[in-house]
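Colleague: Sending over protein.csv (CSV, C-alpha atoms and all ligand atoms).
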chain,number,residue,atom,x,y,z
Q,1,MET,CA,146.9,125.4,-113.4
Q,2,PRO,CA,149.2,127.7,-115.4
Q,3,ASP,CA,148.8,127.6,-119.2
Q,4,PHE,CA,152.4,127.2,-120.3
Q,5,VAL,CA,153.4,123.6,-120.8
Q,6,LEU,CA,157.1,122.6,-120.4
Q,7,ASP,CA,157.6,119.2,-121.9
Q,8,ASN,CA,160.6,116.9,-121.5
Q,9,ASP,CA,162.2,117.8,-124.8
Q,10,MET,CA,162.6,121.5,-123.8
Q,11,PHE,CA,165.2,120.6,-121.1
Q,12,ASN,CA,167.7,119.9,-123.8
Q,13,GLN,CA,168.2,123.7,-124.0
Q,14,THR,CA,170.0,123.7,-120.6
Q,15,VAL,CA,171.0,120.2,-119.6
Q,16,GLU,CA,172.0,116.9,-121.1
Q,17,THR,CA,168.9,114.7,-120.6
Q,18,ASN,CA,166.3,112.9,-122.6
Q,19,GLY,CA,162.6,112.2,-122.3
Q,20,GLU,CA,163.1,108.5,-122.0
Q,21,TRP,CA,165.2,108.9,-118.8
Q,22,ILE,CA,162.8,111.4,-117.3
Q,23,VAL,CA,159.7,109.2,-117.9
Q,24,SER,CA,161.4,106.0,-116.8
Q,25,ARG,CA,162.8,107.5,-113.6
Q,26,THR,CA,159.9,109.8,-112.6
Q,27,GLY,CA,156.8,109.2,-114.8
Q,28,ILE,CA,156.7,112.9,-115.7
Q,29,LYS,CA,156.0,113.9,-119.3
Q,30,GLU,CA,155.3,117.6,-118.9
Q,31,ARG,CA,154.6,120.2,-116.2
Q,32,ARG,CA,153.0,123.7,-116.1
Q,33,ILE,CA,155.0,126.9,-115.6
Q,34,GLU,CA,153.6,130.2,-114.3
Q,35,GLN,CA,155.3,133.0,-116.2
Q,36,LYS,CA,153.4,136.1,-115.1
Q,37,LYS,CA,151.3,135.8,-112.0
Q,38,TYR,CA,152.2,136.2,-108.4
Q,39,ASN,CA,151.8,133.0,-106.4
Q,40,PHE,CA,149.0,134.7,-104.4
Q,41,GLU,CA,147.1,135.2,-107.6
Q,42,MET,CA,147.4,131.6,-108.6
Q,43,ILE,CA,146.4,130.4,-105.2
Q,44,GLY,CA,143.7,133.1,-105.0
Q,45,GLU,CA,142.1,131.7,-108.2
Q,46,ALA,CA,142.1,128.2,-106.7
Q,47,CYS,CA,140.5,129.5,-103.5
Q,48,ALA,CA,137.8,131.4,-105.5
Q,49,ALA,CA,137.0,128.1,-107.4
Q,50,ALA,CA,136.8,126.1,-104.2
Q,51,LEU,CA,134.4,128.7,-102.7
Q,52,ASN,CA,132.3,128.5,-105.8
Q,53,ASN,CA,132.2,124.7,-105.7
Q,54,ALA,CA,131.3,124.9,-102.0
Q,55,GLY,CA,128.6,127.5,-102.7
Q,56,LEU,CA,130.1,129.7,-100.0
Q,57,GLY,CA,130.8,133.5,-100.0
Q,58,PRO,CA,134.3,134.7,-99.0
Q,59,ASP,CA,132.8,136.6,-96.1
Q,60,LYS,CA,131.9,133.2,-94.5
Q,61,ILE,CA,135.5,132.1,-94.2
Q,62,ASP,CA,137.0,132.2,-90.7
Q,63,MET,CA,140.5,131.1,-91.5
Q,64,ILE,CA,142.8,130.8,-94.5
Q,65,ILE,CA,145.8,128.5,-94.2
Q,66,VAL,CA,148.2,128.6,-97.1
Q,67,SER,CA,150.9,126.1,-97.6
Q,68,THR,CA,153.7,127.3,-99.8
Q,69,ALA,CA,157.5,127.1,-100.2
Q,70,THR,CA,157.5,130.0,-102.6
Q,71,PRO,CA,155.8,132.9,-100.9
Q,72,ASP,CA,155.7,136.1,-102.9
Q,73,TYR,CA,157.1,138.1,-100.0
Q,74,SER,CA,158.8,137.2,-96.7
Q,75,CYS,CA,156.3,139.5,-95.2
Q,76,PRO,CA,153.3,139.7,-95.3
Q,77,SER,CA,152.1,136.1,-95.6
Q,78,THR,CA,150.8,134.8,-98.9
Q,79,ALA,CA,147.6,133.9,-97.0
Q,80,CYS,CA,147.0,137.6,-96.3
Q,81,LEU,CA,147.5,138.4,-99.9
Q,82,VAL,CA,145.1,135.7,-100.9
Q,83,GLN,CA,142.6,137.0,-98.3
Q,84,ASN,CA,142.7,140.4,-100.0
Q,85,TYR,CA,142.5,138.9,-103.5
Q,86,ILE,CA,139.3,136.9,-102.7
Q,87,LYS,CA,138.0,139.6,-100.3
Q,88,ALA,CA,137.6,137.3,-97.4
Q,89,GLY,CA,136.8,140.0,-94.7
Q,90,ALA,CA,138.4,139.4,-91.3
Q,91,ALA,CA,139.5,135.8,-91.7
Q,92,ALA,CA,142.6,134.8,-89.7
Q,93,SER,CA,145.1,134.2,-92.5
Q,94,PHE,CA,148.6,132.6,-92.2
Q,95,ASP,CA,151.1,130.5,-94.0
Q,96,ILE,CA,152.6,127.2,-93.0
Q,97,ALA,CA,155.9,125.8,-94.2
Q,98,ALA,CA,155.8,122.0,-94.3
Q,99,GLY,CA,157.2,121.5,-97.7
Q,100,CYS,CA,155.2,119.1,-99.9
Q,101,ALA,CA,153.4,117.7,-96.9
Q,102,GLY,CA,151.8,121.2,-96.4
Q,103,PHE,CA,148.3,120.3,-97.5
Q,104,VAL,CA,147.8,117.5,-94.9
Q,105,PHE,CA,149.4,119.8,-92.2
Q,106,ALA,CA,146.8,122.5,-93.2
Q,107,LEU,CA,143.9,119.9,-92.9
Q,108,ASP,CA,145.2,118.9,-89.5
Q,109,ILE,CA,145.0,122.5,-88.3
Q,110,ALA,CA,141.6,123.1,-90.0
Q,111,ASP,CA,140.3,119.9,-88.2
Q,112,LEU,CA,141.5,121.1,-84.8
Q,113,TYR,CA,139.8,124.6,-85.2
Q,114,ILE,CA,136.6,123.1,-86.5
Q,115,THR,CA,136.2,120.3,-84.0
Q,116,SER,CA,137.0,122.7,-81.1
Q,117,GLY,CA,134.2,125.0,-82.4
Q,118,ARG,CA,136.5,127.9,-83.0
Q,119,ALA,CA,136.0,128.0,-86.7
Q,120,LYS,CA,133.1,127.0,-89.0
Q,121,ASN,CA,134.7,127.4,-92.4
Q,122,VAL,CA,138.4,127.1,-93.1
Q,123,LEU,CA,140.0,127.5,-96.5
Q,124,ALA,CA,143.1,125.3,-96.9
Q,125,ALA,CA,145.2,126.1,-99.9
Q,126,SER,CA,148.5,125.0,-101.4
Q,127,GLY,CA,150.3,126.6,-104.2
Q,128,ASP,CA,153.9,126.8,-105.4
Q,129,ILE,CA,155.7,128.4,-108.3
Q,130,MET,CA,158.5,125.9,-108.1
Q,131,SER,CA,160.0,127.2,-111.3
Q,132,ARG,CA,161.1,130.2,-109.4
Q,133,MET,CA,163.3,128.1,-107.1
Q,134,THR,CA,164.5,125.6,-109.7
Q,135,ASN,CA,168.0,125.6,-111.2
Q,136,TYR,CA,167.5,124.7,-114.8
Q,137,PHE,CA,171.2,123.8,-115.1
Q,138,ASP,CA,170.8,121.0,-112.5
Q,139,ARG,CA,169.5,118.0,-114.4
Q,140,GLY,CA,168.9,115.9,-111.3
Q,141,ASN,CA,166.4,118.4,-110.1
Q,142,CYS,CA,164.9,120.6,-112.8
Q,143,VAL,CA,163.0,117.9,-114.5
Q,144,LEU,CA,161.0,117.1,-111.4
Q,145,PHE,CA,159.1,120.3,-110.6
Q,146,GLY,CA,156.1,122.2,-111.9
Q,147,ASP,CA,153.8,125.0,-110.8
Q,148,GLY,CA,150.2,124.9,-109.7
Q,149,ALA,CA,147.7,125.5,-106.9
Q,150,GLY,CA,144.8,123.8,-105.2
Q,151,ALA,CA,142.4,124.6,-102.4
Q,152,ALA,CA,139.6,123.1,-100.3
Q,153,VAL,CA,136.9,124.5,-98.1
Q,154,ILE,CA,136.5,122.6,-94.8
Q,155,THR,CA,133.2,123.2,-93.1
Q,156,ALA,CA,131.7,122.2,-89.7
Q,157,GLN,CA,128.9,119.7,-90.1
Q,158,SER,CA,126.8,117.7,-87.6
Q,159,SER,CA,126.2,114.7,-89.8
Q,160,GLY,CA,129.5,112.9,-89.2
Q,161,GLY,CA,132.2,112.1,-91.8
Q,162,GLY,CA,134.6,114.7,-92.9
Q,163,ILE,CA,138.1,114.5,-91.5
Q,164,LEU,CA,138.2,111.2,-89.6
Q,165,ALA,CA,141.9,111.2,-88.6
Q,166,THR,CA,145.1,113.0,-89.3
Q,167,CYS,CA,148.8,112.6,-88.4
Q,168,ILE,CA,151.7,115.0,-89.0
Q,169,HIS,CA,155.4,114.5,-88.2
Q,170,CYS,CA,158.9,115.7,-89.0
Q,171,GLU,CA,162.0,113.6,-89.0
Q,172,CYS,CA,165.5,114.6,-88.0
Q,173,ASP,CA,168.5,112.6,-86.7
Q,174,GLY,CA,169.7,115.3,-84.2
Q,175,GLN,CA,173.3,114.4,-84.7
Q,176,LYS,CA,174.7,117.0,-87.1
Q,177,PRO,CA,173.9,120.7,-87.8
Q,178,TYR,CA,170.7,120.6,-89.7
Q,179,PHE,CA,172.0,122.2,-92.9
Q,180,VAL,CA,174.7,119.5,-93.2
Q,181,GLN,CA,172.4,116.6,-92.8
Q,182,ASN,CA,169.3,117.7,-94.6
Q,183,PRO,CA,168.8,116.0,-98.0
Q,184,LEU,CA,166.2,118.5,-99.2
Q,185,TYR,CA,166.6,122.2,-98.8
Q,186,SER,CA,166.7,125.7,-100.4
Q,187,PRO,CA,169.5,127.8,-98.8
Q,188,ARG,CA,169.5,131.5,-98.3
Q,189,GLU,CA,173.2,131.3,-98.2
Q,190,ILE,CA,175.4,128.6,-99.6
Q,191,PHE,CA,176.8,126.2,-97.0
Q,192,ASP,CA,180.1,124.8,-98.3
Q,193,LYS,CA,180.1,121.2,-96.9
Q,194,THR,CA,184.0,121.0,-97.4
Q,195,THR,CA,185.0,124.1,-95.5
Q,196,LYS,CA,181.9,124.0,-93.3
Q,197,GLN,CA,181.3,127.7,-93.8
Q,198,PHE,CA,178.7,129.8,-95.3
Q,199,LYS,CA,179.8,131.4,-98.5
Q,200,GLY,CA,177.1,134.0,-98.4
Q,201,ASN,CA,177.0,134.1,-102.2
Q,202,ALA,CA,173.3,133.3,-102.7
Q,203,GLU,CA,173.0,136.4,-104.8
Q,204,LYS,CA,175.5,135.1,-107.3
Q,205,ILE,CA,173.2,132.2,-108.2
Q,206,GLN,CA,170.3,134.6,-108.4
Q,207,GLY,CA,168.2,133.3,-105.5
Q,208,SER,CA,168.0,130.1,-103.5
Q,209,TYR,CA,167.6,127.1,-105.6
Q,210,LEU,CA,166.1,123.8,-104.2
Q,211,THR,CA,168.8,121.2,-103.7
Q,212,GLN,CA,168.3,117.6,-102.8
Q,213,ASN,CA,169.9,114.3,-102.5
Q,214,GLY,CA,167.3,112.4,-104.5
Q,215,ARG,CA,168.3,108.9,-103.3
Q,216,GLU,CA,168.2,109.9,-99.6
Q,217,VAL,CA,164.8,111.6,-100.1
Q,218,MET,CA,163.5,108.5,-101.9
Q,219,GLN,CA,164.5,106.3,-98.9
Q,220,PHE,CA,162.8,108.7,-96.5
Q,221,VAL,CA,159.6,108.8,-98.6
Q,222,SER,CA,159.6,105.0,-98.9
Q,223,ARG,CA,159.5,104.6,-95.1
Q,224,ALA,CA,157.4,107.7,-94.3
Q,225,THR,CA,154.5,107.1,-96.7
Q,226,PRO,CA,153.3,103.7,-95.3
Q,227,LYS,CA,154.0,104.9,-91.7
Q,228,ALA,CA,151.6,107.9,-92.1
Q,229,LEU,CA,149.0,105.8,-94.0
Q,230,ASP,CA,149.0,103.1,-91.3
Q,231,GLU,CA,148.8,105.7,-88.5
Q,232,VAL,CA,145.6,107.3,-89.8
Q,233,LEU,CA,144.0,103.9,-90.7
Q,234,THR,CA,144.7,102.7,-87.1
Q,235,LYS,CA,143.4,106.0,-85.6
Q,236,ALA,CA,140.2,105.8,-87.6
Q,237,GLU,CA,139.9,102.0,-87.0
Q,238,LYS,CA,139.8,101.4,-90.8
Q,239,THR,CA,141.7,99.1,-93.1
Q,240,ILE,CA,143.3,99.7,-96.4
Q,241,SER,CA,140.5,97.8,-98.1
Q,242,ASP,CA,137.9,100.3,-96.7
Q,243,LEU,CA,139.5,103.1,-98.8
Q,244,LYS,CA,138.2,104.1,-102.2
Q,245,TYR,CA,141.3,106.1,-103.0
Q,246,ILE,CA,144.8,106.8,-101.6
Q,247,ILE,CA,146.0,110.2,-102.9
Q,248,VAL,CA,149.8,110.2,-102.5
Q,249,HIS,CA,151.9,113.3,-103.0
Q,250,GLN,CA,152.9,113.2,-106.7
Q,251,ALA,CA,156.7,113.4,-106.4
Q,252,ASN,CA,157.7,110.4,-108.5
Q,253,LYS,CA,155.7,107.6,-110.1
Q,254,ARG,CA,158.1,105.1,-108.6
Q,255,ILE,CA,156.9,106.2,-105.1
Q,256,ILE,CA,153.3,105.5,-106.1
Q,257,ASP,CA,154.2,102.1,-107.6
Q,258,HIS,CA,156.0,101.3,-104.3
Q,259,VAL,CA,152.7,102.0,-102.4
Q,260,ILE,CA,150.7,99.8,-104.8
Q,261,GLU,CA,153.3,97.0,-104.5
Q,262,LYS,CA,153.7,97.2,-100.7
Q,263,TYR,CA,149.9,96.9,-100.0
Q,264,ARG,CA,149.2,94.8,-103.2
Q,265,LEU,CA,146.6,97.3,-104.4
Q,266,ASP,CA,144.6,97.6,-107.5
Q,267,PRO,CA,146.5,100.5,-109.2
Q,268,LYS,CA,143.2,102.3,-109.8
Q,269,LYS,CA,143.0,102.9,-106.1
Q,270,VAL,CA,146.1,105.0,-106.1
Q,271,PRO,CA,145.4,107.6,-108.8
Q,272,ILE,CA,148.2,109.5,-110.6
Q,273,ASN,CA,148.5,112.7,-112.6
Q,274,ILE,CA,152.2,113.3,-112.3
Q,275,GLU,CA,152.7,112.8,-116.0
Q,276,LYS,CA,150.9,116.1,-116.7
Q,277,TYR,CA,152.1,118.3,-113.9
Q,278,GLY,CA,155.3,117.0,-112.2
Q,279,ASN,CA,155.9,117.7,-108.5
Q,280,MET,CA,154.0,120.9,-107.6
Q,281,SER,CA,155.0,120.6,-104.0
Q,282,SER,CA,152.0,120.5,-101.6
Q,283,ALA,CA,149.6,121.5,-104.4
Q,284,THR,CA,149.7,117.9,-105.9
Q,285,VAL,CA,147.3,116.5,-103.3
Q,286,PRO,CA,144.4,119.0,-103.6
Q,287,VAL,CA,144.8,119.2,-107.4
Q,288,LEU,CA,144.4,115.4,-107.7
Q,289,LEU,CA,141.5,115.5,-105.3
Q,290,HIS,CA,139.9,118.2,-107.4
Q,291,GLU,CA,140.4,116.2,-110.6
Q,292,LEU,CA,138.8,113.1,-109.1
Q,293,ASN,CA,135.9,115.3,-108.0
Q,294,GLU,CA,135.5,116.9,-111.4
Q,295,ALA,CA,135.6,113.4,-113.0
Q,296,LYS,CA,132.6,112.5,-110.7
Q,297,GLU,CA,134.7,109.8,-109.2
Q,298,LEU,CA,133.9,110.8,-105.6
Q,299,ARG,CA,130.6,109.7,-104.0
Q,300,LYS,CA,129.3,110.8,-100.6
Q,301,GLY,CA,130.6,108.5,-97.9
Q,302,ASP,CA,133.8,107.4,-99.9
Q,303,LEU,CA,136.9,107.0,-97.7
Q,304,ILE,CA,140.0,108.7,-99.1
Q,305,ALA,CA,143.5,108.8,-97.6
Q,306,LEU,CA,145.7,111.8,-98.4
Q,307,VAL,CA,149.4,111.4,-97.9
Q,308,GLY,CA,152.1,114.1,-98.1
Q,309,PHE,CA,155.8,114.2,-97.5
Q,310,GLY,CA,158.7,116.6,-98.3
Q,311,ALA,CA,161.2,119.1,-97.0
Q,312,GLY,CA,161.6,119.1,-93.3
Q,313,LEU,CA,161.7,116.2,-93.5
Q,314,ALA,CA,158.0,116.4,-93.0
Q,315,TYR,CA,155.3,113.9,-93.6
Q,316,GLY,CA,151.7,113.2,-92.7
Q,317,ALA,CA,148.3,111.9,-93.7
Q,318,ALA,CA,144.6,112.6,-93.4
Q,319,LEU,CA,141.7,110.2,-93.7
Q,320,ILE,CA,138.6,111.9,-95.0
Q,321,GLN,CA,135.1,110.8,-95.7
Q,322,TRP,CA,133.7,112.6,-98.7
Y,1,LIG,C1,165.9,112.5,-108.5
Y,1,LIG,C2,165.6,111.1,-109.0
Y,1,LIG,C3,164.6,111.1,-110.1
Y,1,LIG,C4,166.9,110.5,-109.5
Y,1,LIG,O1,166.7,109.2,-109.9
Y,1,LIG,P1,167.8,108.0,-109.5
Y,1,LIG,O2,167.4,106.8,-110.1
Y,1,LIG,O3,168.0,108.1,-108.0
Y,1,LIG,O4,169.1,108.5,-110.3
Y,1,LIG,P2,170.5,109.0,-109.7
Y,1,LIG,O5,170.4,110.3,-109.0
Y,1,LIG,O6,171.1,107.8,-109.0
Y,1,LIG,O7,171.2,109.2,-111.1
Y,1,LIG,C5,171.5,108.2,-111.9
Y,1,LIG,C6,172.3,108.7,-113.1
Y,1,LIG,O8,171.4,109.5,-113.9
Y,1,LIG,C7,171.9,110.8,-114.1
Y,1,LIG,N1,170.9,111.8,-114.2
Y,1,LIG,C8,170.3,112.6,-113.2
Y,1,LIG,N2,169.4,113.4,-113.7
Y,1,LIG,C9,169.3,113.1,-115.1
Y,1,LIG,C10,168.5,113.6,-116.1
Y,1,LIG,N3,167.6,114.5,-115.9
Y,1,LIG,N4,168.7,113.1,-117.4
Y,1,LIG,C11,169.6,112.1,-117.6
Y,1,LIG,N5,170.4,111.6,-116.6
Y,1,LIG,C12,170.2,112.1,-115.4
Y,1,LIG,C13,172.8,111.1,-112.9
Y,1,LIG,O9,173.8,112.0,-113.2
Y,1,LIG,C14,173.4,109.7,-112.7
Y,1,LIG,O10,174.4,109.5,-113.6
Y,1,LIG,P3,175.8,108.8,-113.2
Y,1,LIG,O11,175.4,107.4,-112.7
Y,1,LIG,O12,176.6,108.8,-114.4
Y,1,LIG,O13,176.3,109.6,-112.1
Y,1,LIG,C15,165.1,110.2,-107.8
Y,1,LIG,O14,166.2,110.0,-106.9
Y,1,LIG,C16,164.0,110.8,-107.0
Y,1,LIG,O15,162.9,111.0,-107.6
Y,1,LIG,N6,164.1,111.0,-105.7
Y,1,LIG,C17,163.1,111.5,-104.9
Y,1,LIG,C18,163.0,113.0,-105.1
Y,1,LIG,C19,161.8,113.6,-104.6
Y,1,LIG,O16,160.7,113.1,-104.9
Y,1,LIG,N7,161.9,114.8,-104.0
Y,1,LIG,C20,160.8,115.6,-103.6
Y,1,LIG,C21,160.2,115.0,-102.4
Y,1,LIG,S1,158.8,116.0,-102.0
Render the structure in this file as C-alpha cells.
Modeller:
Amino acid sequence: MPDFVLDNDMFNQTVETNGEWIVSRTGIKERRIEQKKYNFEMIGEACAAALNNAGLGPDKIDMIIVSTATPDYSCPSTACLVQNYIKAGAAASFDIAAGCAGFVFALDIADLYITSGRAKNVLAASGDIMSRMTNYFDRGNCVLFGDGAGAAVITAQSSGGGILATCIHCECDGQKPYFVQNPLYSPREIFDKTTKQFKGNAEKIQGSYLTQNGREVMQFVSRATPKALDEVLTKAEKTISDLKYIIVHQANKRIIDHVIEKYRLDPKKVPINIEKYGNMSSATVPVLLHELNEAKELRKGDLIALVGFGAGLAYGAALIQW
C-alpha cells in the first residue's frame, strides 16, 4: 500500500463535498495515493511479498498475470515490467483488462493452466494507481478511488482443495454503440453524446479520466454479485453456509450490506476494509485476502468465495479452499 493517506476532508480543496456524505454513501474514510512509483513497482513489491509468503523463488514462476486498468505503458505489458522487477526468468507474462473483476479473471486463467498441467506456479497480481485516472474536480467519482496492489501465488498440488470453481462473464445489451451505453469507462477521446461525435480533445483534460453513471453501475453490481456467487456455489456443490468468508470487491459499503441482507448473513462473514483504502479496482480482493491471512483468520480447509465486478461490464467469482 502506498504511504500517503488522502482523507475525506482533503477533497474540499477541489470539490464541494463533506465527510459525512462520503461515509454515508460509500463507507470510505480514507484512501492511499501513490505519488512516486510506477505501477509496475507497486505491483512488483506485492509480487515479491507473495513469493516470500509462499517460500518460492521468482525463477519457479511459470506465468505472471497482471490485472490493471492503469498500465505504465501501452506497450510492453505491466506484467513484463513486473517480471523484470522481480527477476522472474522466462515466465510467460501478460496483462488482462477486466476492470475491477480482474483478480477473479486472473484466478480463472491460472486455474486452467494449472489443472491442464501447463503451469506449476502462477503469479496473479492486481494493481492500480487509480489516482492517475481520477478527475479530482468530479465529486461523484473522485471520492471513490484509491491506489494499491495485491498478489497471490497459485501452485499445483495433489492434495485437493485450492480453486474449486470459477466463473467469469461480461454484460452488454448489444443495442447501441458501446461507448454510448457503457456506464463505466475511461475514454481516449471524448465522445459527445449530444452530437454523437468524437471531440478528440482528450489531451485538453490531461488524460483519460474514469467516468461513470454511479446509479447504473450500482444496479449492475446488485444483480451481478449474487449471480456470480450462486454460480460458483452451484458448480462446487456448496452452499453459502459452507463458506467462512465472502470477499466482495470493495467498491461501496452499500454493495457489501446488500449481500449481507440478501443472504441474511452474519456481517463478520463478509469482511470489509473499504474505509481505509476506497476502491482500488481489482486490487481490493487480493489486499483483503492478504489482510485476513495476516490476521491469522484463515485456516487450512476454509472455504472462501471471491467476487469481482467492474468495467466491461465484467463480473465473476472464484471459490477457493485455503
Ligand atoms: C457514486 C455513488 C456513491 C453515488 O451515490 P448515489 O446515492 O447514487 O448519489 P447520486 O449520484 O444519486 O447523487 C445524489 C446527490 O449527491 C450529490 N453528490 C455526488 N457526489 C457527491 C459528493 N462527493 N459530495 C456531496 N454530494 C455529492 C449529487 O450531485 C447528487 O446531488 P443532486 O441530487 O443535487 O443532483 C453511488 O452511485 C455508487 O457508489 N455507485 C457505484 C459506483 C461503483 O462502485 N463503481 C465502481 C464499480 S467497480
Colleague: Please give me, as a PyMOL selection string, the residues lying within 7 Å of ligand LIG 1 (chain Y) when counting all atoms listed in the file.
Modeller: chain Q and resi 16-18+21-22+25-26+100+139-141+143+214-215+217-218+251-252+281+309-311
Colleague: Could you work out an axis-aligned bounding box for all listed atoms of range 11-16 of chain Q, with 5 Å added on each of the six sides, and give its centre and edge lengths in Å to one decimal, as JSON?
Modeller:
{"center_x": 168.6, "center_y": 120.3, "center_z": -121.8, "size_x": 16.8, "size_y": 16.8, "size_z": 14.4}
Colleague: Mind giving me the straight-line distance from CA of Leu229 in chain Q to CA of Cys167 in chain Q in Å, one decimal?
Modeller: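 Interatomic distance, CA of Leu229 in chain Q to CA of Cys167 in chain Q: 8.8 Å.
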Colleague: Measuring between only C-alpha atoms, which one of Q:Arg223, Q:Lys244, Q:Lys262, Q:Lys253 shows the shortest distance to Ile274 in chain Q?
Modeller: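 Ranked by minimum distance to Ile274 in chain Q, first place goes to Q:Lys253.
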Colleague: Please report the interatomic distance between CA of Ala314 in chain Q and CA of Pro76 in chain Q in Å with one decimal.
Modeller: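 Atom-to-atom, CA of Ala314 in chain Q to CA of Pro76 in chain Q, that is 23.9 Å.
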Colleague: Would you mind listing what lies within 6 Å of Pro2 in chain Q as a PyMOL selection string, with all atoms listed in the file counted and same-chain residues fewer than 3 positions away left out?
Modeller: chain Q and resi 32-34
Colleague: Some atoms are absent from range 77-93 of chain Q, so rebuild N, CA, C and O atoms and return them as a compact mmCIF listing (two decimals), keeping the file's coordinate frame.
Modeller:
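Generated file (out.txt):
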# COMPACT_ATOMS: atom_id res chain seq x y z
N SER Q 77 152.33 137.47 -95.13
CA SER Q 77 152.10 136.10 -95.60
C SER Q 77 151.37 136.04 -96.89
O SER Q 77 150.61 136.96 -97.21
N THR Q 78 151.58 134.96 -97.62
CA THR Q 78 150.80 134.80 -98.90
C THR Q 78 149.34 134.65 -98.56
O THR Q 78 148.50 135.12 -99.33
N ALA Q 79 149.02 134.06 -97.40
CA ALA Q 79 147.60 133.90 -97.00
C ALA Q 79 146.90 135.24 -96.92
O ALA Q 79 145.74 135.38 -97.31
N CYS Q 80 147.60 136.25 -96.38
CA CYS Q 80 147.00 137.60 -96.30
C CYS Q 80 146.77 138.20 -97.66
O CYS Q 80 145.77 138.88 -97.90
N LEU Q 81 147.70 137.94 -98.57
CA LEU Q 81 147.50 138.40 -99.90
C LEU Q 81 146.36 137.74 -100.62
O LEU Q 81 145.58 138.36 -101.35
N VAL Q 82 146.23 136.44 -100.35
CA VAL Q 82 145.10 135.70 -100.90
C VAL Q 82 143.79 136.19 -100.31
O VAL Q 82 142.80 136.38 -101.03
N GLN Q 83 143.80 136.45 -99.03
CA GLN Q 83 142.60 137.00 -98.30
C GLN Q 83 142.11 138.26 -99.02
O GLN Q 83 140.93 138.45 -99.29
N ASN Q 84 143.07 139.14 -99.31
CA ASN Q 84 142.70 140.40 -100.00
C ASN Q 84 142.22 140.14 -101.39
O ASN Q 84 141.25 140.73 -101.84
N TYR Q 85 142.87 139.18 -102.08
CA TYR Q 85 142.50 138.90 -103.50
C TYR Q 85 141.08 138.34 -103.58
O TYR Q 85 140.34 138.69 -104.48
N ILE Q 86 140.69 137.49 -102.60
CA ILE Q 86 139.30 136.90 -102.70
C ILE Q 86 138.33 137.71 -101.84
O ILE Q 86 137.17 137.33 -101.74
N LYS Q 87 138.81 138.77 -101.18
CA LYS Q 87 138.00 139.60 -100.30
C LYS Q 87 137.30 138.85 -99.21
O LYS Q 87 136.07 138.81 -99.09
N ALA Q 88 138.16 138.22 -98.41
CA ALA Q 88 137.60 137.30 -97.40
C ALA Q 88 137.50 138.03 -96.00
O ALA Q 88 137.71 137.40 -94.96
N GLY Q 89 137.19 139.29 -95.98
CA GLY Q 89 136.80 140.00 -94.70
C GLY Q 89 137.90 139.83 -93.65
O GLY Q 89 139.07 140.11 -93.87
N ALA Q 90 137.47 139.37 -92.48
CA ALA Q 90 138.40 139.40 -91.30
C ALA Q 90 138.89 137.98 -90.99
O ALA Q 90 139.20 137.68 -89.84
N ALA Q 91 138.98 137.12 -91.96
CA ALA Q 91 139.50 135.80 -91.70
C ALA Q 91 140.90 135.83 -91.11
O ALA Q 91 141.68 136.72 -91.43
N ALA Q 92 141.22 134.88 -90.22
CA ALA Q 92 142.60 134.80 -89.70
C ALA Q 92 143.40 134.04 -90.76
O ALA Q 92 143.10 132.90 -91.10
N SER Q 93 144.40 134.72 -91.31
CA SER Q 93 145.10 134.20 -92.50
C SER Q 93 146.58 134.02 -92.16
O SER Q 93 147.20 134.97 -91.67
